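Text of the file target.txt, holding compact mmCIF, C-alpha atoms:
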```txt
# COMPACT_ATOMS: atom_id res chain seq x y z
CA GLY L 1 -4.99 -4.60 -22.61
CA ASP L 2 -3.18 -7.58 -24.10
CA LEU L 3 -3.93 -8.11 -27.80
CA ASP L 4 -3.13 -11.80 -27.43
CA GLU L 5 -6.47 -12.01 -25.58
CA PRO L 6 -9.36 -12.13 -28.10
CA ALA L 7 -11.66 -9.55 -26.50
CA THR L 8 -9.04 -6.85 -25.98
CA LEU L 9 -9.18 -5.09 -29.34
CA ALA L 10 -12.95 -4.59 -29.22
CA ARG L 11 -12.61 -3.00 -25.77
CA ALA L 12 -9.76 -0.81 -26.99
CA VAL L 13 -11.80 0.35 -29.99
CA ALA L 14 -14.70 1.26 -27.73
CA ALA L 15 -12.34 3.27 -25.52
CA SER L 16 -10.55 5.13 -28.31
CA ALA L 17 -12.61 5.51 -31.49
CA ALA L 18 -14.95 8.45 -32.07
CA GLU L 19 -17.46 8.48 -34.93
CA SER L 20 -15.61 5.59 -36.62
CA GLU L 21 -12.32 7.48 -36.50
CA VAL L 22 -9.19 6.47 -34.60
CA MET L 23 -5.58 7.61 -34.59
CA LEU L 24 -3.09 4.74 -34.22
CA LEU L 25 0.23 5.58 -32.60
CA CYS L 26 2.79 2.84 -32.07
CA VAL L 27 5.62 3.18 -29.57
CA GLY L 28 8.35 0.58 -29.46
CA GLY L 29 9.78 1.37 -26.04
CA ALA L 30 10.84 4.00 -23.53
CA GLY L 31 12.70 6.11 -26.08
CA SER L 32 9.79 6.58 -28.45
CA MET L 33 7.40 6.82 -25.49
CA ARG L 34 8.49 10.39 -24.78
CA THR L 35 8.04 11.57 -28.37
CA GLY L 36 4.78 9.63 -28.50
CA MET L 37 3.36 11.48 -25.52
CA ASN L 38 4.31 14.77 -27.15
CA LEU L 39 2.17 13.73 -30.10
CA VAL L 40 -0.73 12.72 -27.85
CA TYR L 41 -0.71 16.16 -26.24
CA ASN L 42 -0.19 17.76 -29.66
CA PHE L 43 -3.50 16.34 -30.87
CA ARG L 44 -5.31 16.90 -27.57
CA ALA L 45 -4.49 20.60 -27.88
CA MET L 46 -6.55 20.48 -31.11
CA GLY L 47 -9.44 18.74 -29.35
CA LEU L 48 -8.60 15.30 -30.77
CA TYR L 49 -8.75 12.52 -28.18
CA ASN L 50 -9.44 9.48 -30.40
CA MET L 51 -5.97 7.98 -29.95
CA LEU L 52 -5.06 4.31 -29.59
CA ILE L 53 -1.51 3.49 -28.50
CA LEU L 54 0.15 0.21 -29.48
CA ALA L 55 3.15 -0.99 -27.47
CA LEU L 56 4.90 -4.33 -27.43
CA GLU L 57 5.07 -4.68 -23.65
CA LYS L 58 2.66 -3.95 -20.81
CA GLN L 59 5.26 -1.89 -18.95
CA VAL L 60 5.22 0.75 -21.69
CA CYS L 61 1.46 1.23 -21.35
CA GLU L 62 1.76 1.35 -17.56
CA ARG L 63 4.29 4.17 -17.78
CA LEU L 64 2.03 6.05 -20.20
CA TRP L 65 -0.90 5.61 -17.80
CA ASP L 66 1.20 7.17 -15.04
CA ALA L 67 1.09 10.39 -17.07
CA LEU L 68 -2.37 10.01 -18.65
CA PRO L 69 -4.54 7.34 -17.01
CA GLN L 70 -7.43 7.66 -19.49
CA LEU L 71 -5.26 6.89 -22.52
CA ALA L 72 -6.25 3.79 -24.53
CA CYS L 73 -3.17 1.59 -24.76
CA VAL L 74 -2.69 -2.02 -25.88
CA TRP L 75 0.33 -4.29 -26.01
CA TRP L 76 1.12 -7.33 -28.15
CA PRO L 77 3.76 -9.50 -26.44
CA SER L 78 3.58 -12.43 -28.87
CA LYS L 79 4.90 -10.20 -31.65
CA LEU L 80 8.01 -9.58 -29.57
CA SER L 81 8.50 -13.22 -28.56
CA ASN L 82 7.86 -14.80 -31.99
CA PRO L 83 11.02 -16.64 -33.13
CA ARG L 84 12.29 -15.37 -36.47
CA PRO L 85 14.56 -17.44 -38.72
CA LYS L 86 18.03 -16.18 -39.54
CA SER L 87 18.25 -13.91 -42.54
CA LEU L 88 20.23 -10.79 -43.30
CA TYR L 89 17.15 -8.68 -42.68
CA ASN L 90 16.18 -10.39 -39.43
CA THR L 91 19.68 -9.99 -38.00
CA MET L 92 20.20 -6.43 -39.28
CA PHE L 93 17.50 -4.87 -37.08
CA SER L 94 16.74 -5.19 -33.39
CA LYS L 95 14.10 -7.63 -32.21
CA VAL L 96 11.97 -4.71 -30.98
CA ALA L 97 12.10 -2.95 -34.36
CA LEU L 98 11.11 -6.10 -36.25
CA ALA L 99 8.19 -6.75 -33.92
CA PHE L 100 7.14 -3.10 -34.04
CA PHE L 101 6.98 -2.95 -37.84
CA GLU L 102 5.07 -6.21 -38.06
CA ALA L 103 2.57 -5.49 -35.28
CA ARG L 104 1.52 -2.00 -36.33
CA LYS L 105 0.58 -3.00 -39.86
CA LEU L 106 -1.39 -6.02 -38.65
CA LEU L 107 -3.26 -3.83 -36.17
CA LEU L 108 -3.97 -1.28 -38.91
CA GLU L 109 -5.54 -4.01 -41.06
CA HIS L 110 -7.62 -5.31 -38.14
CA LEU L 111 -8.93 -1.86 -37.25
CA VAL L 112 -9.91 -1.10 -40.84
CA LEU L 113 -11.30 -4.42 -42.03
CA ARG L 114 -12.59 -6.08 -38.85
CA HIS L 115 -13.81 -2.99 -37.01
CA SER L 116 -14.75 -0.77 -39.99
CA LEU L 117 -12.74 2.18 -38.75
CA ASN L 118 -11.03 5.03 -40.54
CA VAL L 119 -7.46 5.11 -39.23
CA LEU L 120 -4.83 7.81 -39.10
CA HIS L 121 -1.61 5.80 -38.78
CA LEU L 122 1.11 7.87 -37.11
CA ASP L 123 4.83 7.94 -36.53
CA ALA L 124 5.77 9.18 -33.07
CA ASP L 125 8.49 11.54 -34.31
CA THR L 126 6.10 13.99 -35.99
CA VAL L 127 4.55 17.34 -35.15
CA TRP L 128 1.16 18.41 -36.48
CA PHE L 129 0.36 22.09 -36.83
CA ALA L 130 -3.34 21.73 -37.62
CA ASN L 131 -6.22 19.28 -37.37
CA PRO L 132 -5.92 17.13 -40.53
CA TYR L 133 -9.50 15.87 -40.58
CA PRO L 134 -11.05 18.87 -42.41
CA ILE L 135 -8.66 18.17 -45.30
CA PHE L 136 -9.34 14.42 -45.22
CA LYS L 137 -13.09 15.00 -45.34
CA THR L 138 -13.14 17.66 -48.08
CA ILE L 139 -10.30 17.72 -50.59
CA TYR L 140 -9.46 14.05 -50.05
CA ALA L 141 -12.96 12.78 -49.28
CA GLU L 142 -13.05 10.53 -52.35
CA TYR L 143 -9.68 8.93 -51.60
CA SER L 144 -9.44 5.83 -49.43
CA LEU L 145 -5.65 5.71 -48.97
CA ILE L 146 -3.75 8.95 -48.34
CA VAL L 147 -0.03 8.48 -47.75
CA GLN L 148 2.69 10.93 -46.74
CA THR L 149 5.50 11.11 -49.28
CA ASP L 150 9.08 10.31 -48.38
CA ASN L 151 10.42 11.51 -51.68
CA PRO L 152 10.48 9.79 -54.03
CA PHE L 153 8.72 7.05 -52.05
CA VAL L 154 5.53 6.64 -50.04
CA ASN L 155 6.05 6.72 -46.29
CA ALA L 156 4.69 3.65 -44.50
CA GLY L 157 4.62 5.46 -41.16
CA ILE L 158 2.13 8.25 -41.89
CA MET L 159 -1.08 7.45 -43.73
CA TYR L 160 -4.82 7.88 -43.49
CA VAL L 161 -7.17 5.06 -44.46
CA GLN L 162 -10.88 5.79 -44.86
CA ASN L 163 -14.07 4.18 -46.19
CA VAL L 164 -12.37 0.88 -46.96
CA GLN L 165 -14.47 -2.25 -47.41
CA PRO L 166 -13.27 -5.87 -47.51
CA GLY L 167 -12.51 -6.84 -51.08
CA ASP L 168 -11.79 -3.40 -52.47
CA ALA L 169 -8.47 -2.14 -53.83
CA SER L 170 -7.27 -0.41 -50.66
CA ALA L 171 -8.14 -3.48 -48.60
CA TRP L 172 -5.92 -5.50 -50.94
CA VAL L 173 -3.04 -3.06 -50.36
CA LEU L 174 -3.27 -3.46 -46.55
CA GLN L 175 -3.61 -7.23 -46.72
CA GLU L 176 -0.87 -7.68 -49.32
CA LEU L 177 1.49 -5.60 -47.21
CA ASN L 178 0.97 -7.93 -44.27
CA ARG L 179 1.29 -11.00 -46.49
CA ARG L 180 4.66 -9.78 -47.77
CA ILE L 181 5.94 -8.79 -44.34
CA ASP L 182 4.99 -12.25 -43.03
CA ARG L 183 6.48 -14.04 -46.03
CA PHE L 184 9.87 -12.37 -45.99
CA THR L 185 10.14 -12.35 -42.20
CA TYR L 186 9.28 -15.99 -41.57
CA ARG L 187 10.11 -17.62 -44.93
CA PRO L 188 13.18 -15.74 -46.15
CA GLU L 189 14.15 -18.57 -48.49
CA SER L 190 11.03 -17.79 -50.54
CA VAL L 191 12.91 -14.95 -52.23
CA ARG L 192 14.35 -17.66 -54.50
CA THR L 193 10.97 -17.96 -56.22
CA LEU L 194 10.94 -14.28 -57.24
CA PRO L 195 11.71 -13.46 -60.89
CA ASN L 196 15.27 -12.20 -60.35
CA SER L 197 16.39 -13.83 -57.11
CA ALA L 198 16.92 -17.53 -57.89
CA TRP L 199 20.61 -16.94 -57.14
CA SER L 200 19.95 -16.14 -53.46
CA THR L 201 21.68 -18.32 -50.87
CA PRO L 202 21.46 -18.41 -47.05
CA PRO L 203 21.36 -16.19 -45.15
CA HIS L 204 18.94 -14.65 -47.64
CA PHE L 205 18.35 -10.92 -47.75
CA ALA L 206 14.57 -11.13 -47.65
CA ASN L 207 13.56 -7.53 -47.14
CA ALA L 208 10.43 -7.50 -44.96
CA ASP L 209 10.63 -3.75 -44.37
CA GLU L 210 7.15 -2.21 -44.34
CA GLN L 211 8.08 0.83 -46.40
CA ALA L 212 10.03 -1.03 -49.07
CA ASN L 213 7.20 -3.49 -49.51
CA LEU L 214 4.50 -0.82 -49.49
CA ASN L 215 6.23 0.94 -52.37
CA ASP L 216 6.40 -2.31 -54.32
CA ILE L 217 2.71 -2.92 -53.62
CA VAL L 218 1.72 0.54 -54.84
CA ALA L 219 3.70 -0.14 -58.02
CA SER L 220 2.02 -3.55 -58.31
CA ALA L 221 -1.42 -1.97 -58.01
CA LEU L 222 -0.67 0.73 -60.58
CA ASN L 223 0.84 -1.74 -63.08
CA ARG L 224 -1.68 -4.49 -62.35
CA ARG L 225 1.04 -7.08 -61.93
CA ASP L 226 3.10 -8.11 -58.94
CA THR L 227 6.48 -6.49 -58.58
CA PHE L 228 9.17 -6.82 -55.94
CA ALA L 229 11.71 -4.78 -57.86
CA SER L 230 12.31 -1.85 -55.50
CA GLY L 231 11.85 -3.36 -52.06
CA VAL L 232 13.09 -6.93 -52.22
CA GLU L 233 14.90 -7.31 -55.53
CA PHE L 234 16.61 -3.93 -55.66
```
Re-express the file's structure as structure tokens.
Amino acid sequence: GDLDEPATLARAVAASAAESEVMLLCVGGAGSMRTGMNLVYNFRAMGLYNMLILALEKQVCERLWDALPQLACVWWPSKLSNPRPKSLYNTMFSKVALAFFEARKLLLEHLVLRHSLNVLHLDADTVWFANPYPIFKTIYAEYSLIVQTDNPFVNAGIMYVQNVQPGDASAWVLQELNRRIDRFTYRPESVRTLPNSAWSTPPHFANADEQANLNDIVASALNRRDTFASGVEF
């Protein structure tokens, strides 16, 4: 269904989540749709059916339903149509990519904090050789945010979020990531207020990239002070 309609996400959760667990797979268009379906079947071969697909357009979900009618799939057209001001970042990437990165992190936050779900956030271009949940629920049971490395960085595309409550540290990480993506996407001139970027002039390079900002946020959490040094002010 259409996430711009208020009741859609609750219906999608009911159709996809199992025992408060859901896997979130985001596909930007026809190209990633094929790799995405490979991943859906990859997990189904392990007996895992708790998958929610996020697309930007209804047509992507309709094509997925042609192959697998029972698949839970939602689209978010307003994220694609939102006007974005000119900045070096906003003109460097395609409109679909910008909308994709923004939408999937907002949906992750909503699933975790509004619907109290544990979420395995997935990139489509991955292959899984074993069911990851036994590891999540034993060795990593006491950890709320488990992130794939993209050495030497954390990878914003593959992470598992569990047992997160509003107001706790991992909730702050998810919310701060969306605050920074929104800030640097829609208010690129705000980079001038950062400690080392008063020199910036239009068109500003306001890096709203999810992975760059997530790494800065992890550093901020560890150091207990805000930093933008690696993602925005590198």
Quiz prompt | Contacts of Asn50 in chain L at 9 Å (only C-alpha atoms; same-chain gap of 3+ positions) as a PyMOL selection string | solution = chain L and resi 15-18+21-24+44+72
Self-check item: Contact residues around Glu102 in chain L with all atoms listed in the file at 9 Å, ignoring same-chain residues under 5 positions, as number ranges by chain
Solution: L: 79, 97, 107, 178, 181-182, 185, 208-210
Quiz item: Leaving out Asp125 in chain L and any residue of its chain fewer than 4 positions from it, which residues lie within 8 Å of it when counting all atoms listed in the file, given as an MDAnalysis selection string?
Solution: chainID L and resid 32 35:36 39
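Distance-wise, CA of Ser81 in chain L and CA of Arg192 in chain L end up 27.0 Å apart.
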Exercise. Fewer than 5 positions away in the same chain doesn't count, so skip those; otherwise give me all residues within 10 Å of Pro188 in chain L, counting only C-alpha atoms, as a ChimeraX atom specification.
Key: /L:84-90,182-183,200,202-208
Quiz item: Between L:Leu25, L:Met159, L:Val74, L:Leu64, which has the minimum distance to Pro132 in chain L (counting all atoms listed in the file)?
Solution: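 Distance minimum relative to Pro132 in chain L lands on L:Met159.
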Quiz item: Between CA of Val13 in chain L and CA of Leu111 in chain L, what is the spacing in Å?
Solution: 8.1 Å
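For the choices L:Tyr143, L:Phe136, L:Phe228, L:Phe100, the atom-to-atom distance to Pro77 in chain L is smallest for L:Phe100 when using all atoms listed in the file.
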Quiz prompt | Shell around Gln211 in chain L at 7 Å using all atoms listed in the file, local window under 3 positions removed, as a list in words | solution = Asn155, Ala156, Leu214 and Asn215 of chain L
Quiz prompt | Proximity to His110 in chain L - best of L:Leu194, L:Leu145, L:Val96, L:Leu3, all atoms listed in the file | solution =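 Selected residue with least distance to His110 in chain L: L:Leu3.
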Quiz item: Just how far from CA of Asp2 in chain L is CA of Leu68 in chain L, in Å to one decimal?
Solution: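 If I compute the distance from CA of Leu68 in chain L to CA of Asp2 in chain L, I get 18.4 Å.
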